[in-house]
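Visitor: Contents of model-v4.txt (compact mmCIF, N, CA and C atoms) are given next:
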# COMPACT_ATOMS: atom_id res chain seq x y z
N MET Z 147 28.85 236.89 -95.01
CA MET Z 147 29.17 237.59 -96.23
C MET Z 147 30.55 237.15 -96.71
N LYS Z 148 30.68 236.98 -98.02
CA LYS Z 148 31.95 236.54 -98.60
C LYS Z 148 32.45 237.62 -99.57
N ILE Z 149 33.68 238.08 -99.33
CA ILE Z 149 34.27 239.16 -100.11
C ILE Z 149 35.45 238.62 -100.91
N LEU Z 150 35.51 238.98 -102.18
CA LEU Z 150 36.62 238.64 -103.05
C LEU Z 150 37.52 239.87 -103.15
N VAL Z 151 38.78 239.72 -102.77
CA VAL Z 151 39.75 240.81 -102.84
C VAL Z 151 40.67 240.52 -104.03
N LEU Z 152 40.59 241.38 -105.04
CA LEU Z 152 41.40 241.21 -106.24
C LEU Z 152 42.48 242.27 -106.32
N ASN Z 153 43.67 241.83 -106.65
CA ASN Z 153 44.82 242.72 -106.82
C ASN Z 153 45.38 242.53 -108.21
N GLY Z 154 45.64 243.64 -108.87
CA GLY Z 154 46.09 243.61 -110.25
C GLY Z 154 47.59 243.69 -110.43
N VAL Z 155 47.93 244.19 -111.57
CA VAL Z 155 49.30 244.21 -112.08
C VAL Z 155 50.28 244.88 -111.10
N ASN Z 156 51.41 244.22 -110.92
CA ASN Z 156 52.54 244.66 -110.10
C ASN Z 156 52.30 244.60 -108.59
N LEU Z 157 51.10 244.28 -108.15
CA LEU Z 157 50.84 244.28 -106.72
C LEU Z 157 51.47 243.08 -106.01
N ALA Z 158 51.91 242.07 -106.76
CA ALA Z 158 52.65 240.96 -106.15
C ALA Z 158 53.98 241.45 -105.58
N LEU Z 159 54.43 242.60 -106.03
CA LEU Z 159 55.70 243.18 -105.56
C LEU Z 159 55.52 244.09 -104.36
N THR Z 160 54.31 244.17 -103.83
CA THR Z 160 54.06 244.99 -102.65
C THR Z 160 54.99 244.54 -101.53
N GLY Z 161 55.58 245.51 -100.86
CA GLY Z 161 56.55 245.22 -99.81
C GLY Z 161 57.98 245.29 -100.32
N LYS Z 162 58.13 245.20 -101.63
CA LYS Z 162 59.45 245.26 -102.25
C LYS Z 162 59.61 246.54 -103.07
N ARG Z 163 58.58 246.93 -103.79
CA ARG Z 163 58.67 248.09 -104.68
C ARG Z 163 58.11 249.33 -103.99
N GLU Z 164 58.73 250.43 -104.21
CA GLU Z 164 58.26 251.73 -103.72
C GLU Z 164 57.70 251.66 -102.29
N GLN Z 165 58.52 251.23 -101.37
CA GLN Z 165 58.08 251.06 -99.99
C GLN Z 165 57.59 252.36 -99.38
N GLY Z 166 58.10 253.48 -99.81
CA GLY Z 166 57.62 254.76 -99.31
C GLY Z 166 56.18 255.03 -99.69
N VAL Z 167 55.71 254.39 -100.76
CA VAL Z 167 54.32 254.55 -101.22
C VAL Z 167 53.45 253.43 -100.69
N TYR Z 168 53.94 252.18 -100.79
CA TYR Z 168 53.11 251.01 -100.51
C TYR Z 168 53.43 250.30 -99.20
N GLY Z 169 54.47 250.70 -98.49
CA GLY Z 169 54.82 250.06 -97.24
C GLY Z 169 55.74 248.87 -97.44
N SER Z 170 56.10 248.24 -96.34
CA SER Z 170 57.06 247.13 -96.38
C SER Z 170 56.41 245.76 -96.22
N GLU Z 171 55.13 245.72 -95.93
CA GLU Z 171 54.44 244.43 -95.81
C GLU Z 171 54.21 243.85 -97.20
N THR Z 172 54.36 242.54 -97.31
CA THR Z 172 54.11 241.87 -98.58
C THR Z 172 52.60 241.75 -98.81
N LEU Z 173 52.23 241.49 -100.05
CA LEU Z 173 50.82 241.29 -100.36
C LEU Z 173 50.28 240.08 -99.61
N GLU Z 174 51.10 239.04 -99.47
CA GLU Z 174 50.67 237.84 -98.71
C GLU Z 174 50.35 238.20 -97.26
N GLU Z 175 51.19 239.05 -96.65
CA GLU Z 175 50.95 239.47 -95.27
C GLU Z 175 49.67 240.31 -95.17
N ILE Z 176 49.49 241.19 -96.12
CA ILE Z 176 48.28 242.03 -96.13
C ILE Z 176 47.04 241.16 -96.31
N CYS Z 177 47.11 240.20 -97.22
CA CYS Z 177 45.96 239.32 -97.45
C CYS Z 177 45.63 238.47 -96.24
N ALA Z 178 46.63 237.98 -95.55
CA ALA Z 178 46.39 237.22 -94.32
C ALA Z 178 45.68 238.09 -93.29
N GLU Z 179 46.11 239.33 -93.19
CA GLU Z 179 45.47 240.26 -92.25
C GLU Z 179 44.02 240.56 -92.67
N LEU Z 180 43.78 240.68 -93.96
CA LEU Z 180 42.42 240.94 -94.45
C LEU Z 180 41.49 239.75 -94.18
N LYS Z 181 42.00 238.55 -94.36
CA LYS Z 181 41.20 237.36 -94.06
C LYS Z 181 40.85 237.30 -92.58
N ALA Z 182 41.82 237.58 -91.72
CA ALA Z 182 41.58 237.59 -90.27
C ALA Z 182 40.60 238.69 -89.90
N PHE Z 183 40.72 239.84 -90.54
CA PHE Z 183 39.82 240.97 -90.29
C PHE Z 183 38.38 240.58 -90.63
N ALA Z 184 38.19 239.94 -91.78
CA ALA Z 184 36.85 239.50 -92.18
C ALA Z 184 36.29 238.48 -91.19
N GLU Z 185 37.11 237.51 -90.82
CA GLU Z 185 36.66 236.47 -89.88
C GLU Z 185 36.29 237.07 -88.53
N LYS Z 186 37.07 238.03 -88.07
CA LYS Z 186 36.79 238.71 -86.80
C LYS Z 186 35.40 239.33 -86.80
N HIS Z 187 34.94 239.75 -87.97
CA HIS Z 187 33.62 240.38 -88.10
C HIS Z 187 32.55 239.41 -88.60
N GLY Z 188 32.87 238.12 -88.59
CA GLY Z 188 31.88 237.10 -88.95
C GLY Z 188 31.71 236.89 -90.45
N HIS Z 189 32.71 237.28 -91.23
CA HIS Z 189 32.64 237.17 -92.68
C HIS Z 189 33.84 236.39 -93.21
N ALA Z 190 33.90 236.22 -94.51
CA ALA Z 190 35.02 235.52 -95.13
C ALA Z 190 35.58 236.37 -96.26
N ALA Z 191 36.87 236.25 -96.49
CA ALA Z 191 37.52 236.96 -97.59
C ALA Z 191 38.47 236.00 -98.30
N GLU Z 192 38.52 236.15 -99.59
CA GLU Z 192 39.44 235.38 -100.43
C GLU Z 192 40.25 236.38 -101.24
N CYS Z 193 41.57 236.24 -101.23
CA CYS Z 193 42.45 237.17 -101.95
C CYS Z 193 43.09 236.49 -103.15
N ARG Z 194 43.14 237.24 -104.24
CA ARG Z 194 43.81 236.77 -105.45
C ARG Z 194 44.60 237.92 -106.07
N GLN Z 195 45.64 237.58 -106.82
CA GLN Z 195 46.43 238.58 -107.53
C GLN Z 195 46.79 238.05 -108.90
N SER Z 196 46.74 238.94 -109.90
CA SER Z 196 47.18 238.57 -111.23
C SER Z 196 47.71 239.79 -111.96
N ASP Z 197 48.73 239.56 -112.76
CA ASP Z 197 49.24 240.60 -113.66
C ASP Z 197 48.54 240.52 -115.01
N LEU Z 198 47.59 239.61 -115.15
CA LEU Z 198 46.90 239.38 -116.42
C LEU Z 198 45.49 239.98 -116.39
N GLU Z 199 45.27 240.91 -117.27
CA GLU Z 199 43.98 241.60 -117.36
C GLU Z 199 42.82 240.63 -117.55
N GLY Z 200 42.97 239.68 -118.45
CA GLY Z 200 41.91 238.72 -118.73
C GLY Z 200 41.57 237.84 -117.54
N GLU Z 201 42.59 237.51 -116.76
CA GLU Z 201 42.35 236.68 -115.58
C GLU Z 201 41.51 237.46 -114.56
N LEU Z 202 41.83 238.73 -114.37
CA LEU Z 202 41.02 239.56 -113.46
C LEU Z 202 39.58 239.64 -113.95
N CYS Z 203 39.40 239.80 -115.26
CA CYS Z 203 38.05 239.84 -115.83
C CYS Z 203 37.31 238.52 -115.55
N SER Z 204 38.00 237.40 -115.74
CA SER Z 204 37.38 236.10 -115.49
C SER Z 204 36.98 235.94 -114.04
N TRP Z 205 37.82 236.41 -113.12
CA TRP Z 205 37.49 236.32 -111.70
C TRP Z 205 36.29 237.20 -111.37
N ILE Z 206 36.20 238.37 -111.98
CA ILE Z 206 35.04 239.24 -111.76
C ILE Z 206 33.78 238.56 -112.28
N HIS Z 207 33.84 238.01 -113.47
CA HIS Z 207 32.68 237.28 -114.02
C HIS Z 207 32.29 236.11 -113.12
N GLY Z 208 33.28 235.39 -112.63
CA GLY Z 208 33.04 234.20 -111.82
C GLY Z 208 32.54 234.49 -110.41
N ALA Z 209 32.60 235.75 -110.01
CA ALA Z 209 32.15 236.12 -108.66
C ALA Z 209 30.63 236.09 -108.53
N GLU Z 210 29.95 236.17 -109.63
CA GLU Z 210 28.48 236.17 -109.64
C GLU Z 210 27.94 234.93 -108.93
N GLY Z 211 27.14 235.14 -107.91
CA GLY Z 211 26.54 234.03 -107.17
C GLY Z 211 27.45 233.36 -106.15
N LYS Z 212 28.72 233.75 -106.11
CA LYS Z 212 29.66 233.15 -105.18
C LYS Z 212 30.16 234.13 -104.13
N PHE Z 213 30.16 235.41 -104.45
CA PHE Z 213 30.66 236.45 -103.55
C PHE Z 213 29.63 237.55 -103.41
N ASP Z 214 29.63 238.19 -102.24
CA ASP Z 214 28.70 239.29 -101.98
C ASP Z 214 29.27 240.64 -102.37
N GLY Z 215 30.56 240.69 -102.56
CA GLY Z 215 31.20 241.94 -102.95
C GLY Z 215 32.63 241.68 -103.39
N ILE Z 216 33.15 242.63 -104.16
CA ILE Z 216 34.53 242.56 -104.64
C ILE Z 216 35.25 243.84 -104.21
N VAL Z 217 36.42 243.67 -103.63
CA VAL Z 217 37.33 244.78 -103.35
C VAL Z 217 38.42 244.67 -104.40
N LEU Z 218 38.58 245.71 -105.21
CA LEU Z 218 39.49 245.66 -106.35
C LEU Z 218 40.54 246.74 -106.31
N ASN Z 219 41.79 246.31 -106.25
CA ASN Z 219 42.93 247.20 -106.48
C ASN Z 219 43.52 246.73 -107.80
N ALA Z 220 43.14 247.39 -108.87
CA ALA Z 220 43.55 246.96 -110.21
C ALA Z 220 44.95 247.40 -110.58
N GLY Z 221 45.61 248.17 -109.70
CA GLY Z 221 46.94 248.67 -110.03
C GLY Z 221 46.86 249.58 -111.25
N ALA Z 222 47.84 249.51 -112.11
CA ALA Z 222 47.89 250.38 -113.28
C ALA Z 222 46.73 250.14 -114.25
N PHE Z 223 46.11 248.96 -114.20
CA PHE Z 223 44.94 248.71 -115.05
C PHE Z 223 43.82 249.72 -114.78
N THR Z 224 43.82 250.29 -113.59
CA THR Z 224 42.82 251.28 -113.20
C THR Z 224 42.69 252.39 -114.22
N HIS Z 225 43.79 252.75 -114.83
CA HIS Z 225 43.83 253.96 -115.64
C HIS Z 225 43.53 253.73 -117.12
N TYR Z 226 43.44 252.47 -117.55
CA TYR Z 226 43.23 252.26 -118.98
C TYR Z 226 42.48 250.97 -119.36
N SER Z 227 42.11 250.14 -118.39
CA SER Z 227 41.50 248.86 -118.76
C SER Z 227 39.99 248.95 -118.92
N TYR Z 228 39.59 249.13 -120.16
CA TYR Z 228 38.16 249.12 -120.45
C TYR Z 228 37.62 247.69 -120.36
N ALA Z 229 38.48 246.70 -120.50
CA ALA Z 229 38.06 245.31 -120.35
C ALA Z 229 37.62 245.05 -118.91
N ILE Z 230 38.41 245.50 -117.93
CA ILE Z 230 38.03 245.33 -116.53
C ILE Z 230 36.80 246.17 -116.21
N ARG Z 231 36.73 247.39 -116.75
CA ARG Z 231 35.56 248.24 -116.56
C ARG Z 231 34.30 247.52 -117.04
N ASP Z 232 34.36 246.93 -118.24
CA ASP Z 232 33.20 246.23 -118.79
C ASP Z 232 32.86 244.97 -117.99
N ALA Z 233 33.88 244.30 -117.46
CA ALA Z 233 33.63 243.12 -116.62
C ALA Z 233 32.86 243.52 -115.36
N ILE Z 234 33.27 244.63 -114.75
CA ILE Z 234 32.57 245.12 -113.55
C ILE Z 234 31.12 245.47 -113.89
N ALA Z 235 30.94 246.15 -115.02
CA ALA Z 235 29.59 246.56 -115.42
C ALA Z 235 28.70 245.38 -115.78
N SER Z 236 29.30 244.24 -116.09
CA SER Z 236 28.52 243.09 -116.56
C SER Z 236 28.02 242.18 -115.44
N VAL Z 237 28.43 242.44 -114.20
CA VAL Z 237 28.00 241.59 -113.09
C VAL Z 237 27.18 242.41 -112.09
N SER Z 238 26.38 241.70 -111.31
CA SER Z 238 25.58 242.38 -110.29
C SER Z 238 26.30 242.48 -108.95
N VAL Z 239 27.46 241.84 -108.84
CA VAL Z 239 28.24 241.88 -107.60
C VAL Z 239 28.84 243.29 -107.46
N PRO Z 240 28.57 243.97 -106.34
CA PRO Z 240 29.13 245.32 -106.18
C PRO Z 240 30.65 245.28 -106.01
N VAL Z 241 31.31 246.28 -106.58
CA VAL Z 241 32.77 246.38 -106.54
C VAL Z 241 33.16 247.72 -105.91
N VAL Z 242 34.10 247.67 -104.98
CA VAL Z 242 34.69 248.88 -104.41
C VAL Z 242 36.13 248.94 -104.89
N GLU Z 243 36.46 250.03 -105.55
CA GLU Z 243 37.83 250.27 -106.04
C GLU Z 243 38.68 250.79 -104.89
N VAL Z 244 39.87 250.22 -104.75
CA VAL Z 244 40.77 250.69 -103.68
C VAL Z 244 42.16 250.98 -104.24
N HIS Z 245 42.83 251.88 -103.55
CA HIS Z 245 44.23 252.19 -103.82
C HIS Z 245 44.89 252.46 -102.47
N MET Z 246 46.07 251.90 -102.26
CA MET Z 246 46.75 252.14 -101.00
C MET Z 246 47.27 253.56 -100.91
N SER Z 247 47.68 254.13 -102.03
CA SER Z 247 48.18 255.50 -102.03
C SER Z 247 47.07 256.47 -102.43
N ASN Z 248 47.30 257.75 -102.17
CA ASN Z 248 46.38 258.78 -102.65
C ASN Z 248 46.80 259.08 -104.09
N VAL Z 249 46.14 258.46 -105.04
CA VAL Z 249 46.52 258.60 -106.44
C VAL Z 249 46.39 260.04 -106.94
N HIS Z 250 45.57 260.84 -106.28
CA HIS Z 250 45.39 262.23 -106.70
C HIS Z 250 46.57 263.11 -106.30
N ALA Z 251 47.43 262.61 -105.43
CA ALA Z 251 48.61 263.35 -105.01
C ALA Z 251 49.87 262.82 -105.71
N ARG Z 252 49.67 262.01 -106.73
CA ARG Z 252 50.80 261.41 -107.44
C ARG Z 252 50.87 261.91 -108.88
N GLU Z 253 51.43 261.14 -109.76
CA GLU Z 253 51.58 261.53 -111.15
C GLU Z 253 50.23 261.81 -111.79
N GLU Z 254 50.24 262.68 -112.77
CA GLU Z 254 49.00 263.11 -113.44
C GLU Z 254 48.21 261.92 -114.00
N PHE Z 255 48.90 260.96 -114.62
CA PHE Z 255 48.18 259.84 -115.25
C PHE Z 255 47.42 258.98 -114.25
N ARG Z 256 47.81 259.01 -112.97
CA ARG Z 256 47.14 258.20 -111.96
C ARG Z 256 45.83 258.81 -111.48
N LYS Z 257 45.58 260.04 -111.82
CA LYS Z 257 44.40 260.75 -111.30
C LYS Z 257 43.10 260.36 -111.99
N LYS Z 258 43.18 259.66 -113.12
CA LYS Z 258 41.99 259.26 -113.86
C LYS Z 258 41.81 257.75 -113.77
N SER Z 259 40.65 257.33 -113.31
CA SER Z 259 40.29 255.91 -113.28
C SER Z 259 39.15 255.67 -114.26
N VAL Z 260 39.31 254.66 -115.09
CA VAL Z 260 38.21 254.29 -115.99
C VAL Z 260 37.24 253.34 -115.31
N LEU Z 261 37.55 252.95 -114.07
CA LEU Z 261 36.72 251.98 -113.35
C LEU Z 261 35.71 252.61 -112.41
N THR Z 262 36.03 253.77 -111.88
CA THR Z 262 35.24 254.37 -110.79
C THR Z 262 33.76 254.47 -111.10
N GLU Z 263 33.42 254.87 -112.31
CA GLU Z 263 31.99 255.10 -112.60
C GLU Z 263 31.15 253.84 -112.60
N VAL Z 264 31.77 252.66 -112.67
CA VAL Z 264 30.99 251.42 -112.60
C VAL Z 264 31.15 250.71 -111.26
N CYS Z 265 31.85 251.35 -110.33
CA CYS Z 265 32.04 250.78 -109.00
C CYS Z 265 31.06 251.39 -108.00
N LYS Z 266 30.82 250.65 -106.94
CA LYS Z 266 29.96 251.14 -105.84
C LYS Z 266 30.61 252.34 -105.17
N GLY Z 267 31.93 252.35 -105.09
CA GLY Z 267 32.65 253.45 -104.46
C GLY Z 267 34.13 253.28 -104.65
N GLU Z 268 34.87 254.23 -104.10
CA GLU Z 268 36.33 254.25 -104.22
C GLU Z 268 36.92 254.69 -102.88
N ILE Z 269 37.93 253.95 -102.42
CA ILE Z 269 38.62 254.29 -101.18
C ILE Z 269 40.11 254.31 -101.48
N LEU Z 270 40.77 255.39 -101.10
CA LEU Z 270 42.19 255.49 -101.43
C LEU Z 270 42.95 256.29 -100.39
N GLY Z 271 44.26 256.02 -100.33
CA GLY Z 271 45.14 256.82 -99.51
C GLY Z 271 45.36 256.35 -98.09
N PHE Z 272 44.81 255.21 -97.70
CA PHE Z 272 44.92 254.74 -96.32
C PHE Z 272 45.79 253.49 -96.20
N GLY Z 273 46.71 253.28 -97.14
CA GLY Z 273 47.56 252.10 -97.11
C GLY Z 273 46.72 250.84 -97.14
N LYS Z 274 47.18 249.82 -96.41
CA LYS Z 274 46.43 248.55 -96.39
C LYS Z 274 45.04 248.72 -95.78
N ASN Z 275 44.86 249.76 -94.99
CA ASN Z 275 43.54 250.00 -94.40
C ASN Z 275 42.50 250.39 -95.44
N SER Z 276 42.93 250.81 -96.62
CA SER Z 276 41.98 251.06 -97.71
C SER Z 276 41.16 249.81 -98.00
N TYR Z 277 41.84 248.65 -97.96
CA TYR Z 277 41.14 247.38 -98.18
C TYR Z 277 40.12 247.12 -97.06
N LYS Z 278 40.52 247.35 -95.84
CA LYS Z 278 39.63 247.10 -94.71
C LYS Z 278 38.40 248.01 -94.76
N LEU Z 279 38.61 249.26 -95.08
CA LEU Z 279 37.48 250.20 -95.19
C LEU Z 279 36.53 249.76 -96.29
N ALA Z 280 37.08 249.28 -97.39
CA ALA Z 280 36.24 248.79 -98.48
C ALA Z 280 35.45 247.55 -98.05
N MET Z 281 36.11 246.65 -97.33
CA MET Z 281 35.42 245.46 -96.84
C MET Z 281 34.28 245.84 -95.91
N GLU Z 282 34.57 246.76 -95.00
CA GLU Z 282 33.53 247.20 -94.05
C GLU Z 282 32.34 247.82 -94.76
N SER Z 283 32.56 248.44 -95.89
CA SER Z 283 31.45 249.07 -96.62
C SER Z 283 30.39 248.06 -97.02
N PHE Z 284 30.77 246.80 -97.12
CA PHE Z 284 29.80 245.77 -97.51
C PHE Z 284 28.95 245.30 -96.33
N TRP Z 285 29.49 245.36 -95.12
CA TRP Z 285 28.70 244.84 -94.00
C TRP Z 285 28.22 245.89 -93.04
N LEU Z 286 28.52 247.14 -93.27
CA LEU Z 286 27.98 248.19 -92.38
C LEU Z 286 26.63 248.66 -92.85
Written as structure tokens, how would this file's structure read?

Guide:
Amino acid sequence: MKILVLNGVNLALTGKREQGVYGSETLEEICAELKAFAEKHGHAAECRQSDLEGELCSWIHGAEGKFDGIVLNAGAFTHYSYAIRDAIASVSVPVVEVHMSNVHAREEFRKKSVLTEVCKGEILGFGKNSYKLAMESFWL
């Protein structure tokens, strides 16, 4: 099984910004761990990050026929990107929405996701393990 892990806006700063929320590991370190985690279970993972909404949409479109699932942490796009929502709805590749923090325990604007209703599921609040739980959902 091949999983595409997509990270959205501002997530390149993981490990530097709001360490109390997101931890001190960089996104590169987390992605290396996710790739090793997938390989340990006989699967493959590819990680990408972009601050560009259109690029994330293109990657979602391009996943068709190449990936068995998408793990998506869209960052702030989660709360307002109808473009990403429509990209998810337009492909048959299942998407699991993830957040490292418990967005429901944070600012009011973070409590609403425009993506959830077109995703297979949502996992949040477990730090980098949110990604691992989402990955496991595809092969369990």

Visitor: In region 152-276 of chain Z, what's strand (DSSP E) per DSSP? Answer as a PyMOL selection string?

Guide: chain Z and resi 152-155+190-195+215-221+241-245+267-270

Visitor: Output as a compact mmCIF listing (two decimals) with N, CA and C atoms, in the coordinates of the input all residues of chain Z that backbone DSSP marks as alpha helix (DSSP H).

Guide:
# COMPACT_ATOMS: atom_id res chain seq x y z
N GLN Z 165 58.52 251.23 -101.37
CA GLN Z 165 58.08 251.06 -99.99
C GLN Z 165 57.59 252.36 -99.38
N GLY Z 166 58.10 253.48 -99.81
CA GLY Z 166 57.62 254.76 -99.31
C GLY Z 166 56.18 255.03 -99.69
N VAL Z 167 55.71 254.39 -100.76
CA VAL Z 167 54.32 254.55 -101.22
C VAL Z 167 53.45 253.43 -100.69
N TYR Z 168 53.94 252.18 -100.79
CA TYR Z 168 53.11 251.01 -100.51
C TYR Z 168 53.43 250.30 -99.20
N LEU Z 173 52.23 241.49 -100.05
CA LEU Z 173 50.82 241.29 -100.36
C LEU Z 173 50.28 240.08 -99.61
N GLU Z 174 51.10 239.04 -99.47
CA GLU Z 174 50.67 237.84 -98.71
C GLU Z 174 50.35 238.20 -97.26
N GLU Z 175 51.19 239.05 -96.65
CA GLU Z 175 50.95 239.47 -95.27
C GLU Z 175 49.67 240.31 -95.17
N ILE Z 176 49.49 241.19 -96.12
CA ILE Z 176 48.28 242.03 -96.13
C ILE Z 176 47.04 241.16 -96.31
N CYS Z 177 47.11 240.20 -97.22
CA CYS Z 177 45.96 239.32 -97.45
C CYS Z 177 45.63 238.47 -96.24
N ALA Z 178 46.63 237.98 -95.55
CA ALA Z 178 46.39 237.22 -94.32
C ALA Z 178 45.68 238.09 -93.29
N GLU Z 179 46.11 239.33 -93.19
CA GLU Z 179 45.47 240.26 -92.25
C GLU Z 179 44.02 240.56 -92.67
N LEU Z 180 43.78 240.68 -93.96
CA LEU Z 180 42.42 240.94 -94.45
C LEU Z 180 41.49 239.75 -94.18
N LYS Z 181 42.00 238.55 -94.36
CA LYS Z 181 41.20 237.36 -94.06
C LYS Z 181 40.85 237.30 -92.58
N ALA Z 182 41.82 237.58 -91.72
CA ALA Z 182 41.58 237.59 -90.27
C ALA Z 182 40.60 238.69 -89.90
N PHE Z 183 40.72 239.84 -90.54
CA PHE Z 183 39.82 240.97 -90.29
C PHE Z 183 38.38 240.58 -90.63
N ALA Z 184 38.19 239.94 -91.78
CA ALA Z 184 36.85 239.50 -92.18
C ALA Z 184 36.29 238.48 -91.19
N GLU Z 185 37.11 237.51 -90.82
CA GLU Z 185 36.66 236.47 -89.88
C GLU Z 185 36.29 237.07 -88.53
N LYS Z 186 37.07 238.03 -88.07
CA LYS Z 186 36.79 238.71 -86.80
C LYS Z 186 35.40 239.33 -86.80
N GLU Z 199 45.27 240.91 -117.27
CA GLU Z 199 43.98 241.60 -117.36
C GLU Z 199 42.82 240.63 -117.55
N GLY Z 200 42.97 239.68 -118.45
CA GLY Z 200 41.91 238.72 -118.73
C GLY Z 200 41.57 237.84 -117.54
N GLU Z 201 42.59 237.51 -116.76
CA GLU Z 201 42.35 236.68 -115.58
C GLU Z 201 41.51 237.46 -114.56
N LEU Z 202 41.83 238.73 -114.37
CA LEU Z 202 41.02 239.56 -113.46
C LEU Z 202 39.58 239.64 -113.95
N CYS Z 203 39.40 239.80 -115.26
CA CYS Z 203 38.05 239.84 -115.83
C CYS Z 203 37.31 238.52 -115.55
N SER Z 204 38.00 237.40 -115.74
CA SER Z 204 37.38 236.10 -115.49
C SER Z 204 36.98 235.94 -114.04
N TRP Z 205 37.82 236.41 -113.12
CA TRP Z 205 37.49 236.32 -111.70
C TRP Z 205 36.29 237.20 -111.37
N ILE Z 206 36.20 238.37 -111.98
CA ILE Z 206 35.04 239.24 -111.76
C ILE Z 206 33.78 238.56 -112.28
N HIS Z 207 33.84 238.01 -113.47
CA HIS Z 207 32.68 237.28 -114.02
C HIS Z 207 32.29 236.11 -113.12
N GLY Z 208 33.28 235.39 -112.63
CA GLY Z 208 33.04 234.20 -111.82
C GLY Z 208 32.54 234.49 -110.41
N TYR Z 228 39.59 249.13 -120.16
CA TYR Z 228 38.16 249.12 -120.45
C TYR Z 228 37.62 247.69 -120.36
N ALA Z 229 38.48 246.70 -120.50
CA ALA Z 229 38.06 245.31 -120.35
C ALA Z 229 37.62 245.05 -118.91
N ILE Z 230 38.41 245.50 -117.93
CA ILE Z 230 38.03 245.33 -116.53
C ILE Z 230 36.80 246.17 -116.21
N ARG Z 231 36.73 247.39 -116.75
CA ARG Z 231 35.56 248.24 -116.56
C ARG Z 231 34.30 247.52 -117.04
N ASP Z 232 34.36 246.93 -118.24
CA ASP Z 232 33.20 246.23 -118.79
C ASP Z 232 32.86 244.97 -117.99
N ALA Z 233 33.88 244.30 -117.46
CA ALA Z 233 33.63 243.12 -116.62
C ALA Z 233 32.86 243.52 -115.36
N ILE Z 234 33.27 244.63 -114.75
CA ILE Z 234 32.57 245.12 -113.55
C ILE Z 234 31.12 245.47 -113.89
N ALA Z 235 30.94 246.15 -115.02
CA ALA Z 235 29.59 246.56 -115.42
C ALA Z 235 28.70 245.38 -115.78
N ASN Z 275 44.86 249.76 -94.99
CA ASN Z 275 43.54 250.00 -94.40
C ASN Z 275 42.50 250.39 -95.44
N SER Z 276 42.93 250.81 -96.62
CA SER Z 276 41.98 251.06 -97.71
C SER Z 276 41.16 249.81 -98.00
N TYR Z 277 41.84 248.65 -97.96
CA TYR Z 277 41.14 247.38 -98.18
C TYR Z 277 40.12 247.12 -97.06
N LYS Z 278 40.52 247.35 -95.84
CA LYS Z 278 39.63 247.10 -94.71
C LYS Z 278 38.40 248.01 -94.76
N LEU Z 279 38.61 249.26 -95.08
CA LEU Z 279 37.48 250.20 -95.19
C LEU Z 279 36.53 249.76 -96.29
N ALA Z 280 37.08 249.28 -97.39
CA ALA Z 280 36.24 248.79 -98.48
C ALA Z 280 35.45 247.55 -98.05
N MET Z 281 36.11 246.65 -97.33
CA MET Z 281 35.42 245.46 -96.84
C MET Z 281 34.28 245.84 -95.91
N GLU Z 282 34.57 246.76 -95.00
CA GLU Z 282 33.53 247.20 -94.05
C GLU Z 282 32.34 247.82 -94.76
N SER Z 283 32.56 248.44 -95.89
CA SER Z 283 31.45 249.07 -96.62
C SER Z 283 30.39 248.06 -97.02
N PHE Z 284 30.77 246.80 -97.12
CA PHE Z 284 29.80 245.77 -97.51
C PHE Z 284 28.95 245.30 -96.33
N TRP Z 285 29.49 245.36 -95.12
CA TRP Z 285 28.70 244.84 -94.00
C TRP Z 285 28.22 245.89 -93.04

Visitor: Hey, can you check how far atom N of Cys177 (chain Z) sits from atom C of Leu159 (chain Z)?

Guide: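 Here the two named atoms are 11.7 Å from each other.
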
Visitor: Provide the CA of Ala190 (chain Z) to CA of Met246 (chain Z) distance in Å, to one decimal place.

Guide: 21.2 Å

Visitor: Which neighbours of region 249-255 of chain Z fall inside 9 Å, counting only C-alpha atoms, when residues of the same chain fewer than 2 positions from it are skipped, and could you give them as a list in words?

Guide: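 That gives His225, His245, Met246, Ser247, Lys257, Lys258, Leu270 and Gly271 of chain Z.
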
Visitor: Using all atoms listed in the file, pick whichever of Z:Phe183, Z:Phe213, Z:Phe223, Z:Trp205 has the shortest atom-to-atom distance to Val260 (chain Z).

Guide: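 Under the stated criterion, the closest residue is Z:Phe223.
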
Visitor: Have a look at Z:Lys266, Z:Val239, Z:Leu152, Z:Glu175 and name the one nearest to Glu210 (chain Z); count only N, CA and C atoms.

Guide: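 Selected residue with least distance to Glu210 (chain Z): Z:Val239.
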
Visitor: Any idea what the distance is between atom C of Leu157 (chain Z) and atom C of Gly211 (chain Z)?

Guide: 25.9 Å

Visitor: Could you check the closest approach to Lys278 (chain Z) for each of Z:Lys212, Z:Lys148, Z:Leu180, Z:Ser259 and tell me which residue wins, using only N, CA and C atoms?

Guide: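 Between Z:Lys212, Z:Lys148, Z:Leu180, Z:Ser259, the residue approaching Lys278 (chain Z) most closely is Z:Leu180.
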
Visitor: Need the axis-aligned box for region 185-203 of chain Z with 6 Å each side, so what are the centre and edges in Å to one decimal, as lines of an AutoDock Vina configuration file?

Guide:
center_x = 40.5
center_y = 238.5
center_z = -102.8
size_x = 29.5
size_y = 18.2
size_z = 43.9

Visitor: Which residue, Z:Gly169, Z:Gly154, Z:Gly161, Z:Gly267, has the smallest gap to Ala222 (chain Z) when you use only C-alpha atoms?

Guide: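 Comparing Z:Gly169, Z:Gly154, Z:Gly161, Z:Gly267 against Ala222 (chain Z), the winner is Z:Gly154.
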
Visitor: Kindly extract all protein, DNA and RNA residues lying within 8 Å of the coordinates (33.1, 249.7, -98.8) given in the file, considering all atoms listed in the file, and supply them as a PyMOL selection string.

Guide: chain Z and resi 217+241-243+266-269+277-286

Visitor: With distances taken over only N, CA and C atoms, which of Z:Ile216, Z:Ala209, Z:Leu202, Z:Met147 is nearest to Ala229 (chain Z)?

Guide: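 Of Z:Ile216, Z:Ala209, Z:Leu202, Z:Met147, the one nearest Ala229 (chain Z) is Z:Leu202, counting only N, CA and C atoms.
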
Visitor: For Asp197 (chain Z), which residue among Z:Tyr228, Z:Asn219, Z:Ala233, Z:Leu261 is the nearest when counting only C-alpha atoms?

Guide: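 Smallest distance to Asp197 (chain Z) is found for Z:Asn219.
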